[in-house]
$ cat entry26.txt   # compact mmCIF, C-alpha atoms
# COMPACT_ATOMS: atom_id res chain seq x y z
CA MET P 933 -49.10 -66.51 -10.36
CA ALA P 934 -48.77 -63.03 -11.58
CA ILE P 935 -45.69 -60.84 -11.36
CA ARG P 936 -46.17 -57.21 -10.85
CA THR P 937 -43.87 -54.66 -12.42
CA SER P 938 -43.83 -50.95 -11.93
CA ARG P 939 -45.27 -50.49 -15.40
CA ALA P 940 -48.23 -52.58 -14.62
CA CYS P 941 -49.28 -50.60 -11.60
CA ASP P 942 -48.62 -46.84 -11.60
CA ASP P 943 -49.82 -46.17 -8.08
CA GLU P 944 -47.36 -48.51 -6.36
CA GLY P 945 -44.27 -47.79 -8.47
CA LEU P 946 -41.39 -45.44 -7.80
CA ASP P 947 -42.10 -41.78 -8.26
CA GLU P 948 -40.16 -40.03 -10.95
CA ALA P 949 -38.22 -36.94 -9.94
CA HIS P 950 -39.06 -34.01 -12.14
CA ASP P 951 -36.57 -31.62 -10.46
CA ILE P 952 -33.12 -30.86 -11.80
CA ASN P 953 -30.33 -32.59 -9.92
CA VAL P 954 -27.99 -29.74 -8.94
CA THR P 955 -25.33 -31.85 -7.24
CA PRO P 956 -23.20 -32.29 -10.39
CA PHE P 957 -23.59 -28.58 -11.13
CA ILE P 958 -22.30 -27.66 -7.65
CA ASP P 959 -19.39 -30.09 -8.03
CA VAL P 960 -18.37 -28.50 -11.33
CA MET P 961 -18.61 -25.00 -9.87
CA LEU P 962 -16.43 -25.93 -6.89
CA VAL P 963 -13.80 -27.41 -9.21
CA LEU P 964 -13.84 -24.25 -11.34
CA LEU P 965 -13.56 -22.11 -8.22
CA ILE P 966 -10.48 -24.03 -7.09
CA ILE P 967 -8.92 -23.75 -10.55
CA PHE P 968 -9.44 -19.98 -10.63
CA MET P 969 -8.12 -19.59 -7.09
CA VAL P 970 -4.92 -21.39 -8.09
CA ALA P 971 -4.57 -19.69 -11.49
CA ALA P 972 -5.30 -16.10 -10.37
CA PRO P 973 -1.99 -15.51 -8.54
CA LEU P 974 -0.10 -16.82 -11.56
CA ALA P 975 -1.64 -14.10 -13.72
CA THR P 976 -0.17 -11.35 -11.52
CA VAL P 977 3.48 -12.33 -11.81
CA ASP P 978 5.79 -9.34 -12.17
CA VAL P 979 7.26 -8.94 -15.61
CA PRO P 980 10.65 -7.23 -15.86
CA VAL P 981 10.21 -3.98 -17.79
CA GLU P 982 12.70 -1.23 -18.50
CA LEU P 983 10.83 1.99 -17.86
CA PRO P 984 11.81 5.16 -19.73
CA ALA P 985 13.45 8.05 -17.90
CA SER P 986 11.27 10.98 -16.97
CA SER P 987 11.61 14.11 -19.03
CA ALA P 988 9.74 16.23 -16.48
CA LYS P 989 11.44 19.41 -15.41
CA PRO P 990 12.44 19.60 -11.74
CA GLN P 991 10.04 21.54 -9.54
CA PRO P 992 11.27 24.99 -8.56
CA ARG P 993 12.63 25.15 -5.05
CA ASP P 994 11.38 27.44 -2.37
CA ALA P 995 13.30 30.66 -1.87
CA GLU P 996 14.90 29.29 1.27
CA PRO P 997 14.15 25.58 1.78
CA LEU P 998 14.03 24.32 5.33
CA PHE P 999 15.81 21.00 5.79
CA LEU P 1000 15.35 18.63 8.70
CA THR P 1001 18.22 16.15 8.74
CA VAL P 1002 18.31 12.84 10.60
CA GLN P 1003 21.96 11.96 11.01
CA ALA P 1004 23.50 8.50 11.38
CA ASP P 1005 23.58 8.83 15.18
CA LEU P 1006 19.82 9.75 15.05
CA SER P 1007 20.47 13.35 16.05
CA LEU P 1008 18.28 15.99 14.40
CA ARG P 1009 19.40 19.15 12.65
CA LEU P 1010 17.05 21.88 11.50
CA GLY P 1011 19.08 23.64 8.86
CA GLU P 1012 22.47 23.96 10.60
CA GLN P 1013 21.03 24.08 14.13
CA THR P 1014 21.07 20.94 16.28
CA VAL P 1015 17.68 20.26 17.87
CA THR P 1016 16.19 17.52 20.01
CA ALA P 1017 12.81 15.86 19.61
CA ALA P 1018 11.46 18.00 22.47
CA THR P 1019 12.67 21.33 21.01
CA LEU P 1020 11.86 20.56 17.35
CA ALA P 1021 8.35 22.06 17.41
CA ALA P 1022 9.54 25.34 18.95
CA ALA P 1023 12.45 25.58 16.52
CA LEU P 1024 10.11 24.98 13.58
CA GLU P 1025 7.72 27.68 14.80
CA GLN P 1026 10.61 30.13 15.06
CA ARG P 1027 12.08 29.32 11.62
CA THR P 1028 8.73 29.36 9.76
CA GLN P 1029 7.10 32.19 11.73
CA GLY P 1030 4.18 29.84 12.48
CA ASP P 1031 3.47 29.05 8.81
CA HIS P 1032 2.33 25.42 8.99
CA ALA P 1033 1.74 25.33 5.23
CA GLN P 1034 5.46 25.63 4.54
CA ARG P 1035 7.13 22.54 3.11
CA ILE P 1036 9.76 20.83 5.25
CA PHE P 1037 12.43 18.88 3.37
CA LEU P 1038 13.34 15.73 5.28
CA ARG P 1039 16.62 14.03 4.56
CA ALA P 1040 18.31 11.18 6.35
CA ASP P 1041 21.60 9.35 6.34
CA ARG P 1042 21.63 6.09 4.39
CA SER P 1043 22.19 4.11 7.60
CA VAL P 1044 19.07 5.49 9.35
CA ALA P 1045 16.43 2.80 9.78
CA TYR P 1046 12.98 3.26 8.28
CA GLY P 1047 11.35 3.31 11.72
CA ASP P 1048 13.59 6.14 12.87
CA LEU P 1049 12.75 8.15 9.76
CA MET P 1050 9.04 7.58 10.46
CA GLU P 1051 9.56 8.88 14.01
CA ALA P 1052 10.97 12.11 12.55
CA MET P 1053 7.95 12.38 10.26
CA ASN P 1054 5.65 11.82 13.25
CA LEU P 1055 7.43 14.63 15.11
CA LEU P 1056 6.75 16.94 12.15
CA ARG P 1057 3.11 15.88 12.02
CA SER P 1058 2.61 16.40 15.76
CA ALA P 1059 4.13 19.89 15.37
CA GLY P 1060 1.49 20.65 12.73
CA TYR P 1061 3.63 20.45 9.59
CA LEU P 1062 1.95 18.15 7.08
CA LYS P 1063 3.84 19.11 3.92
CA VAL P 1064 6.93 16.96 4.06
CA ALA P 1065 9.19 16.26 1.10
CA LEU P 1066 11.72 13.46 1.19
CA VAL P 1067 15.12 14.37 -0.20
CA GLY P 1068 17.24 11.91 -2.14
CA VAL P 1069 20.17 11.89 -4.51
CA GLU P 1070 19.36 11.63 -8.19
CA GLN P 1071 21.12 8.80 -9.95
CA ALA P 1072 22.69 9.36 -13.33
CA PRO P 1073 21.03 7.32 -16.11

$ encode --input "entry26.txt" --output "structure tokens"
Amino acid sequence: MAIRTSRACDDEGLDEAHDINVTPFIDVMLVLLIIFMVAAPLATVDVPVELPASSAKPQPRDAEPLFLTVQADLSLRLGEQTVTAATLAAALEQRTQGDHAQRIFLRADRSVAYGDLMEAMNLLRSAGYLKVALVGVEQAP
């Protein structure tokens, strides 16, 4: 009685795999991907920083700036004149003599919602005035 082993007979034995097994490599890469996905947002945490005050000189104002004011009751004033959304474009044309390159200074009451301020900006854009400056109060350092 003879016992056969795989060493004794090469043609009937198991074939050896000569290729690289990439399964462990893929597992390691997926683990690293998960680690970086979790760690990346932690690297972008805001750090409190006290920024220095600007020493830039204020920009010179136009000879006669044109202010559009959105009041607390959402009424519009162009300079001192009360206007409506429908008459704003005509009033702007009259005040600027059709100069669409003129800057319009937009100011609003503190209680005006952001959406209402954006509606005023959209009215200016639809009238053809794209240079809009937002007016605010400077705070003392």

$ closest_residue --input "entry26.txt" --among "P:Leu1055, P:Val970, P:Leu1000, P:Leu1049" --to "Ala1018 (chain P)" --atoms "all atoms listed in the file"
P:Leu1055

$ closest_residue --input "entry26.txt" --among "P:Leu1010, P:Val960, P:Leu1038, P:Ala995" --to "Leu1066 (chain P)" --atoms "all atoms listed in the file"
P:Leu1038

$ residues_around --input "entry26.txt" --residues "Gly1068 (chain P)" --least-positions-apart "4" --cutoff "12 Å" --atoms "only C-alpha atoms" --output "list in words"
Thr1001, Phe1037, Leu1038, Arg1039, Ala1040, Asp1041 and Arg1042 of chain P

$ closest_residue --input "entry26.txt" --among "P:Ser1007, P:Ser1043, P:Thr955, P:Gln1034" --to "Leu1020 (chain P)" --atoms "all atoms listed in the file"
P:Ser1007

$ atom_distance --input "entry26.txt" --atom1 "CA of Gly1060 (chain P)" --atom2 "CA of Asp1031 (chain P)"
9.5 Å

$ atom_distance --input "entry26.txt" --atom1 "CA of Gln1013 (chain P)" --atom2 "CA of Phe999 (chain P)"
10.3 Å

$ atom_distance --input "entry26.txt" --atom1 "CA of Val1044 (chain P)" --atom2 "CA of Gln1026 (chain P)"
26.7 Å

$ residues_near_point --input "entry26.txt" --point "(10.9, 26.2, 8.2)" --cutoff "7 Å" --atoms "all atoms listed in the file" --output "JSON, numbers by chain"
{"P": [998, 1024, 1027, 1028, 1034, 1036]}

$ axis_aligned_box --input "entry26.txt" --around "region 1005-1011 of chain P" --padding-each-side "4 Å" --output "AutoDock Vina command-line options"
--center_x 20.3 --center_y 16.2 --center_z 12.5 --size_x 14.5 --size_y 22.8 --size_z 15.2
